[in-house]
file target_22.cif (mmCIF, C-alpha atoms and all ligand atoms)
data_start
#
loop_
_atom_site.label_atom_id
_atom_site.label_comp_id
_atom_site.auth_asym_id
_atom_site.auth_seq_id
_atom_site.Cartn_x
_atom_site.Cartn_y
_atom_site.Cartn_z
CA MET E 1 -25.98 -26.29 -16.35
CA GLU E 2 -22.75 -24.48 -15.39
CA LYS E 3 -21.19 -25.65 -12.13
CA ASN E 4 -18.96 -24.04 -9.52
CA LYS E 5 -15.46 -25.53 -9.74
CA GLN E 6 -13.65 -25.58 -6.41
CA ILE E 7 -10.27 -26.65 -5.06
CA LEU E 8 -10.22 -28.14 -1.58
CA LEU E 9 -7.26 -28.79 0.68
CA VAL E 10 -7.66 -32.48 1.54
CA SER E 11 -4.42 -33.22 3.41
CA ARG E 12 -1.72 -31.15 5.10
CA PRO E 13 1.50 -31.08 3.06
CA LYS E 14 4.59 -32.69 4.51
CA GLY E 15 7.49 -30.74 3.06
CA THR E 16 6.79 -29.34 -0.40
CA PRO E 17 3.07 -29.49 -1.25
CA THR E 18 1.97 -31.76 -4.12
CA ILE E 19 -1.13 -31.93 -6.28
CA GLU E 20 -2.33 -34.84 -4.07
CA ASN E 21 -2.88 -32.41 -1.18
CA PHE E 22 -5.75 -30.89 -3.18
CA LYS E 23 -9.01 -32.10 -4.70
CA PHE E 24 -11.01 -30.56 -7.55
CA ILE E 25 -14.79 -30.77 -7.13
CA GLU E 26 -17.87 -29.33 -8.83
CA THR E 27 -20.89 -28.06 -6.92
CA ASP E 28 -24.05 -26.17 -7.82
CA ILE E 29 -23.76 -22.41 -8.12
CA LYS E 30 -25.72 -21.01 -5.19
CA ALA E 31 -28.19 -18.17 -5.52
CA PRO E 32 -27.46 -15.11 -3.35
CA ALA E 33 -29.75 -14.40 -0.38
CA ASP E 34 -30.67 -10.88 0.77
CA GLY E 35 -27.53 -8.83 1.39
CA GLU E 36 -25.40 -11.26 -0.66
CA VAL E 37 -23.72 -11.12 -4.04
CA LEU E 38 -22.87 -13.83 -6.59
CA ILE E 39 -19.39 -13.29 -8.06
CA ARG E 40 -17.68 -14.90 -11.03
CA THR E 41 -13.94 -15.26 -10.43
CA LEU E 42 -11.87 -13.52 -13.11
CA TYR E 43 -8.39 -13.67 -11.57
CA LEU E 44 -7.17 -15.39 -8.47
CA SER E 45 -3.99 -14.93 -6.52
CA VAL E 46 -1.57 -17.60 -5.37
CA ASP E 47 0.77 -16.48 -2.58
CA PRO E 48 3.60 -18.01 -0.54
CA TYR E 49 1.83 -17.28 2.78
CA MET E 50 -0.82 -19.85 1.80
CA ARG E 51 1.75 -22.59 2.45
CA GLY E 52 1.75 -21.61 6.13
CA ARG E 53 -2.03 -21.85 6.30
CA MET E 54 -1.91 -25.35 4.82
CA SER E 55 -0.03 -26.55 7.91
CA GLY E 56 -2.05 -27.09 11.05
CA ARG E 57 0.17 -24.65 12.99
CA LYS E 58 -1.13 -21.56 14.75
CA SER E 59 0.06 -18.35 13.09
CA TYR E 60 -1.13 -14.80 12.50
CA VAL E 61 -4.02 -16.21 10.45
CA PRO E 62 -5.84 -19.46 11.27
CA PRO E 63 -4.86 -22.61 9.33
CA TYR E 64 -7.04 -23.69 6.42
CA GLU E 65 -9.63 -26.28 7.38
CA LEU E 66 -9.30 -29.62 5.64
CA ASN E 67 -11.92 -30.35 2.93
CA GLU E 68 -12.69 -26.63 2.60
CA VAL E 69 -12.05 -24.35 -0.38
CA VAL E 70 -8.55 -22.84 -0.22
CA GLN E 71 -9.00 -19.17 0.68
CA GLY E 72 -7.15 -16.38 -1.11
CA GLY E 73 -7.48 -13.10 -2.98
CA VAL E 74 -9.82 -12.90 -5.97
CA VAL E 75 -10.85 -10.24 -8.46
CA GLY E 76 -14.24 -11.02 -9.88
CA GLU E 77 -17.37 -9.60 -11.45
CA VAL E 78 -20.79 -9.40 -9.88
CA VAL E 79 -23.24 -11.54 -11.85
CA GLU E 80 -26.18 -11.17 -9.47
CA SER E 81 -26.67 -8.85 -6.53
CA LYS E 82 -29.14 -8.86 -3.65
CA SER E 83 -27.36 -5.92 -2.05
CA GLY E 84 -27.90 -2.22 -2.66
CA GLN E 85 -24.12 -1.69 -2.55
CA PHE E 86 -23.34 -3.68 -5.72
CA LYS E 87 -24.84 -4.10 -9.15
CA LYS E 88 -24.37 -6.63 -11.94
CA GLY E 89 -21.09 -5.97 -13.77
CA ASP E 90 -19.26 -4.38 -10.81
CA ILE E 91 -15.65 -5.51 -10.46
CA VAL E 92 -14.82 -6.49 -6.90
CA LEU E 93 -11.94 -7.68 -4.72
CA GLY E 94 -12.36 -10.18 -1.91
CA ASN E 95 -10.87 -13.10 -0.07
CA LEU E 96 -13.02 -15.56 -1.96
CA GLY E 97 -10.73 -18.48 -2.60
CA TRP E 98 -9.93 -21.04 -5.24
CA GLN E 99 -13.33 -21.41 -6.89
CA THR E 100 -14.95 -20.15 -10.06
CA TYR E 101 -18.02 -18.64 -8.31
CA SER E 102 -18.61 -17.29 -4.80
CA VAL E 103 -21.67 -16.16 -2.91
CA VAL E 104 -20.71 -13.74 -0.16
CA SER E 105 -22.16 -11.12 2.08
CA ALA E 106 -21.69 -7.67 0.52
CA ASP E 107 -19.55 -6.50 3.45
CA ARG E 108 -16.85 -9.04 2.57
CA ILE E 109 -15.96 -7.45 -0.78
CA GLY E 110 -14.79 -4.07 -2.05
CA LYS E 111 -15.36 -2.36 -5.39
CA ILE E 112 -12.51 -1.81 -7.86
CA ASP E 113 -12.62 0.99 -10.40
CA PRO E 114 -11.52 -0.65 -13.69
CA ASP E 115 -10.91 2.78 -15.24
CA LEU E 116 -8.14 3.65 -12.75
CA ALA E 117 -5.79 0.71 -13.41
CA PRO E 118 -5.91 -2.81 -14.88
CA ILE E 119 -8.04 -4.89 -12.51
CA THR E 120 -5.23 -7.43 -11.92
CA THR E 121 -3.17 -4.78 -10.10
CA ALA E 122 -5.60 -5.03 -7.15
CA LEU E 123 -3.99 -8.41 -6.40
CA GLY E 124 -0.42 -7.14 -6.81
CA VAL E 125 1.25 -3.77 -7.04
CA LEU E 126 -1.91 -1.89 -6.00
CA GLY E 127 -2.94 -4.55 -3.52
CA MET E 128 -1.56 -6.64 -0.68
CA THR E 129 1.91 -7.26 -2.15
CA GLY E 130 2.52 -3.59 -3.11
CA LEU E 131 1.47 -2.46 0.37
CA THR E 132 3.76 -5.06 1.96
CA ALA E 133 6.72 -3.64 0.06
CA TYR E 134 5.70 -0.06 0.85
CA PHE E 135 5.25 -0.34 4.62
CA GLY E 136 8.02 -2.85 5.28
CA LEU E 137 10.56 -0.79 3.42
CA LEU E 138 9.51 2.72 4.40
CA ASP E 139 8.35 2.16 7.96
CA ILE E 140 11.00 -0.33 9.10
CA GLY E 141 13.77 -0.06 6.49
CA GLN E 142 13.67 3.75 6.21
CA PRO E 143 16.23 3.94 3.36
CA LYS E 144 18.13 7.20 2.99
CA GLU E 145 19.77 8.71 -0.05
CA GLY E 146 23.10 7.04 -0.85
CA GLU E 147 22.52 4.07 1.46
CA THR E 148 22.68 0.47 0.20
CA VAL E 149 19.46 -1.56 0.20
CA VAL E 150 19.59 -5.31 -0.45
CA VAL E 151 16.38 -7.23 -1.21
CA SER E 152 16.04 -11.00 -1.54
CA GLY E 153 13.24 -12.57 -3.58
CA ALA E 154 13.90 -9.45 -5.64
CA ALA E 155 12.15 -10.52 -8.85
CA GLY E 156 8.94 -11.52 -7.09
CA ALA E 157 5.80 -9.51 -6.43
CA VAL E 158 6.99 -7.85 -3.21
CA GLY E 159 10.71 -7.68 -3.98
CA MET E 160 10.32 -5.90 -7.29
CA VAL E 161 8.34 -3.10 -5.67
CA VAL E 162 10.74 -2.86 -2.72
CA GLY E 163 13.70 -2.28 -5.05
CA GLN E 164 11.92 0.37 -7.07
CA ILE E 165 10.74 2.29 -4.00
CA ALA E 166 14.30 2.19 -2.65
CA LYS E 167 15.48 3.70 -5.98
CA ILE E 168 12.85 6.45 -5.65
CA LYS E 169 14.35 7.20 -2.22
CA GLY E 170 17.83 7.54 -3.75
CA ALA E 171 19.41 4.34 -2.45
CA ARG E 172 21.85 1.96 -4.16
CA VAL E 173 19.78 -1.18 -4.73
CA VAL E 174 21.03 -4.74 -4.96
CA GLY E 175 18.64 -7.62 -5.67
CA ILE E 176 19.04 -11.36 -5.12
CA ALA E 177 17.05 -13.71 -7.35
CA GLY E 178 17.15 -17.17 -8.90
CA SER E 179 17.67 -16.92 -12.68
CA GLU E 180 19.62 -15.00 -15.33
CA GLU E 181 16.35 -13.78 -16.85
CA LYS E 182 15.38 -12.31 -13.48
CA ILE E 183 18.80 -10.70 -12.96
CA ALA E 184 18.62 -9.08 -16.41
CA TYR E 185 15.09 -7.82 -15.77
CA LEU E 186 16.04 -6.24 -12.44
CA THR E 187 19.10 -4.42 -13.74
CA GLU E 188 18.02 -3.61 -17.30
CA GLU E 189 14.31 -2.90 -16.86
CA LEU E 190 13.90 -1.82 -13.26
CA GLY E 191 17.15 0.09 -12.69
CA PHE E 192 18.58 -2.02 -9.87
CA ASP E 193 22.29 -1.14 -9.48
CA ALA E 194 23.28 -4.80 -9.24
CA ALA E 195 21.66 -8.21 -8.95
CA ILE E 196 22.99 -11.59 -7.93
CA ASN E 197 21.82 -15.02 -9.09
CA TYR E 198 21.96 -17.05 -5.87
CA LYS E 199 21.52 -20.30 -7.79
CA THR E 200 24.75 -19.91 -9.77
CA ALA E 201 26.92 -17.88 -7.36
CA ASP E 202 29.74 -20.06 -5.91
CA ASN E 203 30.13 -17.72 -2.98
CA ILE E 204 27.19 -15.45 -2.41
CA LYS E 205 28.96 -13.46 0.32
CA GLU E 206 31.78 -12.54 -2.07
CA LYS E 207 29.30 -11.52 -4.77
CA LEU E 208 27.47 -9.37 -2.22
CA GLN E 209 30.71 -7.74 -1.09
CA GLU E 210 31.45 -6.78 -4.70
CA ALA E 211 27.92 -5.44 -5.20
CA CYS E 212 27.84 -3.60 -1.84
CA PRO E 213 31.27 -1.95 -1.46
CA ASN E 214 29.92 0.25 1.35
CA GLY E 215 28.19 -2.56 3.24
CA VAL E 216 24.44 -3.04 3.73
CA ASP E 217 22.25 -0.43 5.42
CA VAL E 218 18.85 -2.01 4.77
CA TYR E 219 18.13 -5.69 4.14
CA PHE E 220 14.56 -6.48 3.10
CA ASP E 221 14.31 -10.19 3.85
CA ASN E 222 11.84 -12.21 1.78
CA VAL E 223 13.59 -15.58 1.84
CA GLY E 224 15.61 -16.28 5.02
CA GLY E 225 18.04 -19.22 5.19
CA SER E 226 21.60 -19.11 3.93
CA ILE E 227 20.95 -16.13 1.60
CA SER E 228 19.98 -14.01 4.59
CA ASP E 229 22.93 -15.33 6.61
CA ALA E 230 25.25 -13.98 3.91
CA VAL E 231 23.58 -10.56 3.77
CA LEU E 232 23.47 -10.20 7.55
CA SER E 233 27.22 -10.78 7.78
CA LEU E 234 27.69 -7.52 5.83
CA ILE E 235 25.41 -5.10 7.67
CA ASN E 236 26.58 -1.64 8.71
CA LYS E 237 26.15 0.13 12.00
CA GLY E 238 22.53 1.20 12.40
CA ALA E 239 21.26 -1.25 9.72
CA ARG E 240 17.52 -1.91 9.48
CA ILE E 241 16.14 -5.33 8.53
CA PRO E 242 12.42 -5.60 7.68
CA LEU E 243 11.60 -9.29 8.10
CA CYS E 244 8.90 -9.87 5.51
CA GLY E 245 9.07 -13.56 4.58
CA GLN E 246 11.16 -16.73 4.89
CA ILE E 247 10.12 -18.66 1.81
CA SER E 248 13.27 -20.83 1.78
CA LEU E 249 12.08 -22.35 5.06
CA TYR E 250 8.35 -22.83 4.39
CA ASN E 251 8.67 -26.40 3.11
CA LEU E 252 11.27 -27.63 5.58
CA GLU E 253 10.15 -30.57 7.67
CA LYS E 254 12.68 -29.89 10.44
CA ALA E 255 13.53 -26.50 11.94
CA ASP E 256 16.60 -24.97 10.33
CA VAL E 257 19.47 -23.78 12.50
CA GLY E 258 21.73 -21.07 11.15
CA PRO E 259 24.32 -18.74 12.64
CA ARG E 260 23.19 -17.05 15.83
CA ILE E 261 22.79 -13.49 14.64
CA GLN E 262 22.17 -11.63 17.88
CA THR E 263 25.83 -10.58 18.27
CA GLN E 264 25.84 -9.23 14.72
CA LEU E 265 22.73 -7.17 15.48
CA LEU E 266 24.15 -6.05 18.83
CA ILE E 267 27.57 -4.86 17.66
CA ASN E 268 25.96 -2.97 14.78
CA SER E 269 23.13 -1.46 16.83
CA ALA E 270 20.93 -2.97 14.10
CA LEU E 271 17.15 -3.33 14.08
CA MET E 272 15.43 -6.47 12.78
CA LYS E 273 11.66 -6.32 12.86
CA GLY E 274 9.07 -8.77 11.62
CA PHE E 275 5.81 -7.39 10.26
CA ILE E 276 2.56 -8.49 8.66
CA VAL E 277 1.04 -6.13 6.11
CA SER E 278 -2.23 -6.04 8.06
CA ASP E 279 -0.33 -4.34 10.93
CA TYR E 280 -0.62 -1.25 8.72
CA GLN E 281 -4.32 -1.56 7.89
CA GLU E 282 -5.11 1.91 9.18
CA ARG E 283 -2.54 3.43 6.82
CA PHE E 284 -3.46 1.49 3.65
CA LYS E 285 -5.00 4.59 2.03
CA GLU E 286 -1.75 6.51 2.39
CA GLY E 287 0.30 3.64 0.95
CA MET E 288 -2.13 3.09 -1.89
CA ALA E 289 -2.09 6.78 -2.85
CA ASP E 290 1.72 6.80 -3.16
CA LEU E 291 1.86 3.48 -5.00
CA ALA E 292 -0.85 4.55 -7.47
CA LYS E 293 0.96 7.80 -8.16
CA TRP E 294 4.32 6.10 -8.68
CA VAL E 295 2.74 3.54 -11.04
CA LYS E 296 0.94 6.30 -12.96
CA ASP E 297 4.15 8.35 -13.24
CA GLY E 298 6.07 5.30 -14.48
CA LYS E 299 8.36 5.32 -11.42
CA ILE E 300 7.18 1.85 -10.47
CA LYS E 301 6.85 -0.73 -13.21
CA TYR E 302 5.02 -3.91 -12.46
CA LYS E 303 5.08 -7.36 -13.95
CA GLU E 304 2.48 -10.10 -13.73
CA ASN E 305 2.98 -13.76 -14.48
CA ILE E 306 -0.48 -14.88 -15.56
CA ILE E 307 -1.30 -18.57 -15.99
CA GLU E 308 -4.52 -19.26 -17.89
CA GLY E 309 -7.12 -21.68 -16.62
CA PHE E 310 -8.58 -22.51 -13.20
CA GLU E 311 -7.36 -26.10 -13.59
CA ASN E 312 -3.77 -24.78 -13.42
CA THR E 313 -4.18 -23.05 -10.04
CA VAL E 314 -2.31 -25.63 -7.99
CA GLU E 315 0.58 -25.70 -10.49
CA ALA E 316 0.76 -21.91 -10.30
CA PHE E 317 0.96 -22.10 -6.52
CA LEU E 318 3.61 -24.84 -6.55
CA GLY E 319 5.60 -22.79 -9.09
CA LEU E 320 6.22 -20.11 -6.44
CA PHE E 321 8.54 -22.53 -4.65
CA LYS E 322 10.44 -23.31 -7.84
CA GLY E 323 10.90 -19.67 -8.84
CA GLU E 324 8.74 -20.02 -11.95
CA ASN E 325 7.26 -16.53 -11.61
CA LEU E 326 8.74 -13.20 -12.62
CA GLY E 327 6.56 -10.70 -10.78
CA LYS E 328 3.13 -11.32 -9.27
CA GLN E 329 1.76 -14.81 -9.91
CA LEU E 330 -1.92 -14.82 -10.92
CA VAL E 331 -4.34 -17.27 -12.49
CA LYS E 332 -6.77 -16.06 -15.13
CA VAL E 333 -10.03 -17.92 -14.62
CA ALA E 334 -12.50 -16.12 -16.88
CA GLU E 335 -12.90 -13.19 -19.24
CA ARG E 336 -15.00 -10.20 -18.15
CA SER E 337 -18.37 -10.76 -19.71
CA LEU E 338 -20.46 -7.78 -18.73
N1 LIG R 401 4.83 -10.00 5.90
C1 LIG R 401 3.82 -9.91 5.06
O1 LIG R 401 2.76 -9.33 5.37
C2 LIG R 401 3.93 -10.52 3.71
C3 LIG R 401 3.01 -10.21 2.69
C4 LIG R 401 3.22 -10.76 1.41
C5 LIG R 401 4.30 -11.60 1.19
N2 LIG R 401 5.15 -11.90 2.22
C6 LIG R 401 6.33 -12.74 2.02
O2 LIG R 401 7.15 -12.08 1.09
C7 LIG R 401 7.88 -13.04 0.32
C8 LIG R 401 7.65 -12.78 -1.16
O3 LIG R 401 6.27 -12.95 -1.45
P1 LIG R 401 5.71 -12.68 -2.91
O4 LIG R 401 4.25 -12.73 -2.83
O5 LIG R 401 6.38 -11.47 -3.45
O6 LIG R 401 6.21 -13.98 -3.69
P2 LIG R 401 7.13 -13.98 -4.97
O7 LIG R 401 8.45 -13.42 -4.53
O8 LIG R 401 6.40 -13.35 -6.09
O9 LIG R 401 7.29 -15.51 -5.33
C9 LIG R 401 8.11 -16.35 -4.60
C10 LIG R 401 9.58 -16.30 -5.08
O10 LIG R 401 10.41 -16.75 -4.02
C11 LIG R 401 11.60 -17.28 -4.54
N3 LIG R 401 11.95 -18.52 -3.84
C12 LIG R 401 11.23 -19.66 -3.80
N4 LIG R 401 11.88 -20.59 -3.07
C13 LIG R 401 13.05 -20.02 -2.66
C14 LIG R 401 14.15 -20.47 -1.88
N5 LIG R 401 14.20 -21.70 -1.36
N6 LIG R 401 15.18 -19.60 -1.68
C15 LIG R 401 15.16 -18.35 -2.19
N7 LIG R 401 14.14 -17.86 -2.93
C16 LIG R 401 13.10 -18.69 -3.15
C17 LIG R 401 11.35 -17.58 -6.02
O11 LIG R 401 12.15 -16.72 -6.82
P3 LIG R 401 13.70 -17.08 -7.18
O12 LIG R 401 13.69 -17.45 -8.62
O13 LIG R 401 14.40 -15.80 -6.89
O14 LIG R 401 14.11 -18.22 -6.31
C18 LIG R 401 9.87 -17.26 -6.22
O15 LIG R 401 9.62 -16.70 -7.49
C19 LIG R 401 7.40 -14.42 0.78
O16 LIG R 401 8.30 -14.92 1.74
C20 LIG R 401 6.06 -14.11 1.41
O17 LIG R 401 5.70 -15.07 2.37
C21 LIG R 401 4.98 -11.36 3.45
#

call {"tool": "encode", "arguments": {"input": "target_22.cif", "output": "structure tokens", "more": "lines below"}}
Ligand SMILES: NC(=O)c1ccc[n+]([C@@H]2O[C@H](COP(=O)([O-])OP(=O)(O)OC[C@H]3O[C@@H](n4cnc5c(N)ncnc54)[C@H](OP(=O)(O)O)[C@@H]3O)[C@@H](O)[C@H]2O)c1
result
Amino acid sequence: MEKNKQILLVSRPKGTPTIENFKFIETDIKAPADGEVLIRTLYLSVDPYMRGRMSGRKSYVPPYELNEVVQGGVVGEVVESKSGQFKKGDIVLGNLGWQTYSVVSADRIGKIDPDLAPITTALGVLGMTGLTAYFGLLDIGQPKEGETVVVSGAAGAVGMVVGQIAKIKGARVVGIAGSEEKIAYLTEELGFDAAINYKTADNIKEKLQEACPNGVDVYFDNVGGSISDAVLSLINKGARIPLCGQISLYNLEKADVGPRIQTQLLINSALMKGFIVSDYQERFKEGMADLAKWVKDGKIKYKENIIEGFENTVEAFLGLFKGENLGKQLVKVAERSL
């Protein structure tokens, strides 16, 4: 009989997570009770924020419990429903975690219309990462025509969308990413004005100065650390800095100390603001409508890096910290069957 394959977090990573922090188990597939739905996972999402939840530290979301299934975004199909809201074959989105089947209460999932867009986009450009780019850039960054927008982590799920929205708003866009393939994709496929490979640049500040002759008006920060130090040294008066992520610091065992940036913010009357996408929950519909239109009109292109096989989930997650993904990292777990 088919089993439910699950991945548990069994120890809290010290530094960079390893496969030993996780355990693969098989359990019986549960039957749904009244008001519940049984879902087969089709695609699951691996995201950098999950690293934070693997630590025991308090944050904006509670830490993962040890010996529990790792929670995260899933697109799946309903295989059995005991709820009037869903029927067999419906495609749904939910925070269902790293497992091949889930039984959940119907109010924990939402329906996806597979005729509107490929179902994988619900985990990327038309999901959490697209909305993060949209609200961080437009609400905090507020790019204006002719201004210079710099984005780090530019060839990842969020960064790629940030750069393209900034282009729609008429800005000069400069991306920072970690491989020649990524640099070529940003400039040749997505229309970025310039892109810098931080792994091969001898002096990233000099490269940025060349790419941003008029300074930096908006810096969308996905990575933190020394890359952000270099960008922040070039900001203009009135610069805006949406603080989205700090992936270069997530695996550090000791707090990192960099330049003290308050004077730089002060003398430039600059705004740096951290945000979590859920801060904008009440405006998701508005963001989604714009993103869907831009994707449909071809103004935003999206890229997905899809690894096949549930057994490769942990590798896919670890790959985020090695820059293995171009675009949104997903794992394909099963084919749609209904
Ligand atoms: N605030 C929010 O609500 C929110 C929501 C979603 C995501 N985020 C944050 O946004 C950032 C991007 O997330 P994403 O989902 O779009 O991930 P992603 O960019 O698709 O994947 C992570 C990328 O980060 C880069 N990276 C890894 N280690 C790095 C390091 N030490 N220094 C510089 N770059 C490094 C890698 O690309 P390279 O090849 O370029 O190194 C990797 O491909 C993350 O920091 C994430 O935590 C925040």

call {"tool": "residues_near_ligand", "arguments": {"input": "target_22.cif", "ligand": "ligand LIG 401 (chain R)", "cutoff": "6 Å", "atoms": "only C-alpha atoms and all ligand atoms", "output": "JSON, numbers by chain"}}
result
{"E": [47, 48, 49, 129, 132, 153, 156, 157, 158, 159, 177, 178, 179, 222, 223, 244, 245, 246, 247, 248, 275, 276, 277, 320, 321, 322, 323, 324, 325, 327, 328]}

call {"tool": "residues_around", "arguments": {"input": "target_22.cif", "residues": "stretch 216-221 of chain E", "least_positions_apart": "6", "cutoff": "10 Å", "atoms": "all atoms listed in the file", "output": "mmCIF file with C-alpha atoms, in the coordinates of the input"}}
result
data_model
loop_
_atom_site.group_PDB
_atom_site.id
_atom_site.type_symbol
_atom_site.label_atom_id
_atom_site.label_comp_id
_atom_site.auth_asym_id
_atom_site.auth_seq_id
_atom_site.Cartn_x
_atom_site.Cartn_y
_atom_site.Cartn_z
ATOM 1 C CA ALA E 133 6.720 -3.640 0.060
ATOM 2 C CA GLY E 136 8.020 -2.850 5.280
ATOM 3 C CA LEU E 137 10.560 -0.790 3.420
ATOM 4 C CA ILE E 140 11.000 -0.330 9.100
ATOM 5 C CA GLY E 141 13.770 -0.060 6.490
ATOM 6 C CA GLN E 142 13.670 3.750 6.210
ATOM 7 C CA PRO E 143 16.230 3.940 3.360
ATOM 8 C CA LYS E 144 18.130 7.200 2.990
ATOM 9 C CA GLY E 146 23.100 7.040 -0.850
ATOM 10 C CA GLU E 147 22.520 4.070 1.460
ATOM 11 C CA THR E 148 22.680 0.470 0.200
ATOM 12 C CA VAL E 149 19.460 -1.560 0.200
ATOM 13 C CA VAL E 150 19.590 -5.310 -0.450
ATOM 14 C CA VAL E 151 16.380 -7.230 -1.210
ATOM 15 C CA SER E 152 16.040 -11.000 -1.540
ATOM 16 C CA GLY E 153 13.240 -12.570 -3.580
ATOM 17 C CA ALA E 154 13.900 -9.450 -5.640
ATOM 18 C CA VAL E 158 6.990 -7.850 -3.210
ATOM 19 C CA GLY E 159 10.710 -7.680 -3.980
ATOM 20 C CA VAL E 162 10.740 -2.860 -2.720
ATOM 21 C CA GLY E 163 13.700 -2.280 -5.050
ATOM 22 C CA ALA E 166 14.300 2.190 -2.650
ATOM 23 C CA ALA E 171 19.410 4.340 -2.450
ATOM 24 C CA ARG E 172 21.850 1.960 -4.160
ATOM 25 C CA VAL E 173 19.780 -1.180 -4.730
ATOM 26 C CA VAL E 174 21.030 -4.740 -4.960
ATOM 27 C CA GLY E 175 18.640 -7.620 -5.670
ATOM 28 C CA LEU E 208 27.470 -9.370 -2.220
ATOM 29 C CA GLN E 209 30.710 -7.740 -1.090
ATOM 30 C CA ILE E 227 20.950 -16.130 1.600
ATOM 31 C CA SER E 228 19.980 -14.010 4.590
ATOM 32 C CA VAL E 231 23.580 -10.560 3.770
ATOM 33 C CA LEU E 232 23.470 -10.200 7.550
ATOM 34 C CA SER E 233 27.220 -10.780 7.780
ATOM 35 C CA LEU E 234 27.690 -7.520 5.830
ATOM 36 C CA ILE E 235 25.410 -5.100 7.670
ATOM 37 C CA ASN E 236 26.580 -1.640 8.710
ATOM 38 C CA LYS E 237 26.150 0.130 12.000
ATOM 39 C CA GLY E 238 22.530 1.200 12.400
ATOM 40 C CA ALA E 239 21.260 -1.250 9.720
ATOM 41 C CA ARG E 240 17.520 -1.910 9.480
ATOM 42 C CA ILE E 241 16.140 -5.330 8.530
ATOM 43 C CA PRO E 242 12.420 -5.600 7.680
ATOM 44 C CA LEU E 243 11.600 -9.290 8.100
ATOM 45 C CA CYS E 244 8.900 -9.870 5.510
ATOM 46 C CA GLY E 245 9.070 -13.560 4.580
ATOM 47 C CA GLN E 246 11.160 -16.730 4.890
ATOM 48 C CA ILE E 247 10.120 -18.660 1.810
ATOM 49 C CA ALA E 270 20.930 -2.970 14.100
ATOM 50 C CA LEU E 271 17.150 -3.330 14.080
ATOM 51 C CA MET E 272 15.430 -6.470 12.780
ATOM 52 C CA GLY E 274 9.070 -8.770 11.620
#

call {"tool": "residues_around", "arguments": {"input": "target_22.cif", "residues": "stretch 38-41 of chain E", "least_positions_apart": "2", "cutoff": "7 Å", "atoms": "all atoms listed in the file", "output": "MDAnalysis selection string"}}
result
chainID E and resid 31:32 36 43 74:81 100:104 333:334

call {"tool": "residues_around", "arguments": {"input": "target_22.cif", "residues": "E:Lys14", "least_positions_apart": "3", "cutoff": "9 Å", "atoms": "all atoms listed in the file", "output": "number ranges by chain"}}
result
E: 17, 55, 251-253

call {"tool": "atom_distance", "arguments": {"input": "target_22.cif", "atom1": "atom CA of E:Val161", "atom2": "atom CA of E:Ser59"}}
result
25.6 Å

call {"tool": "atom_distance", "arguments": {"input": "target_22.cif", "atom1": "atom CA of E:Gly309", "atom2": "atom CA of E:Asn4"}}
result
14.0 Å

call {"tool": "atom_distance", "arguments": {"input": "target_22.cif", "atom1": "atom CA of E:Phe284", "atom2": "atom CA of E:Gly191"}}
result
26.3 Å

call {"tool": "closest_residue", "arguments": {"input": "target_22.cif", "among": "E:Leu9, E:Leu123, E:Ile25, E:Leu93", "to": "E:Arg53", "atoms": "all atoms listed in the file"}}
result
E:Leu9

call {"tool": "closest_residue", "arguments": {"input": "target_22.cif", "among": "E:Val10, E:Val46, E:Leu131, E:Ala106", "to": "E:Phe86", "atoms": "only C-alpha atoms"}}
result
E:Ala106

call {"tool": "residues_around", "arguments": {"input": "target_22.cif", "residues": "stretch 289-295 of chain E", "least_positions_apart": "6", "cutoff": "9 Å", "atoms": "all atoms listed in the file", "output": "PyMOL selection string"}}
result
chain E and resi 117+125-126+130-131+134+165+301-302

call {"tool": "residues_around", "arguments": {"input": "target_22.cif", "residues": "E:Ile183", "least_positions_apart": "2", "cutoff": "10 Å", "atoms": "all atoms listed in the file", "output": "ChimeraX atom specification"}}
result
/E:154-155,175-181,185-189,192,194-197

call {"tool": "closest_residue", "arguments": {"input": "target_22.cif", "among": "E:Asp193, E:Asp107, E:Glu210, E:Asp139", "to": "E:Gln164", "atoms": "all atoms listed in the file"}}
result
E:Asp193

call {"tool": "closest_residue", "arguments": {"input": "target_22.cif", "among": "E:Met50, E:Glu304, E:Met160, E:Lys285", "to": "E:Pro62", "atoms": "all atoms listed in the file"}}
result
E:Met50

call {"tool": "decode", "arguments": {"input": "target_22.cif", "residues": "stretch 321-333 of chain E", "atoms": "C-alpha atoms", "output": "short mmCIF file (atom, residue, chain, number, x, y, z; two decimals), in the first residue's frame"}}
result
data_model
loop_
_atom_site.label_atom_id
_atom_site.label_comp_id
_atom_site.auth_asym_id
_atom_site.auth_seq_id
_atom_site.Cartn_x
_atom_site.Cartn_y
_atom_site.Cartn_z
CA PHE E 321 22.80 28.68 0.01
CA LYS E 322 25.19 27.66 -2.76
CA GLY E 323 23.44 29.68 -5.46
CA GLU E 324 22.40 26.59 -7.42
CA ASN E 325 19.06 28.06 -8.46
CA LEU E 326 18.29 30.49 -11.26
CA GLY E 327 14.80 31.71 -10.40
CA LYS E 328 12.33 30.08 -8.02
CA GLN E 329 13.50 26.78 -6.57
CA LEU E 330 10.80 24.09 -6.55
CA VAL E 331 10.66 20.33 -6.13
CA LYS E 332 8.39 18.29 -8.38
CA VAL E 333 6.95 15.48 -6.29
#
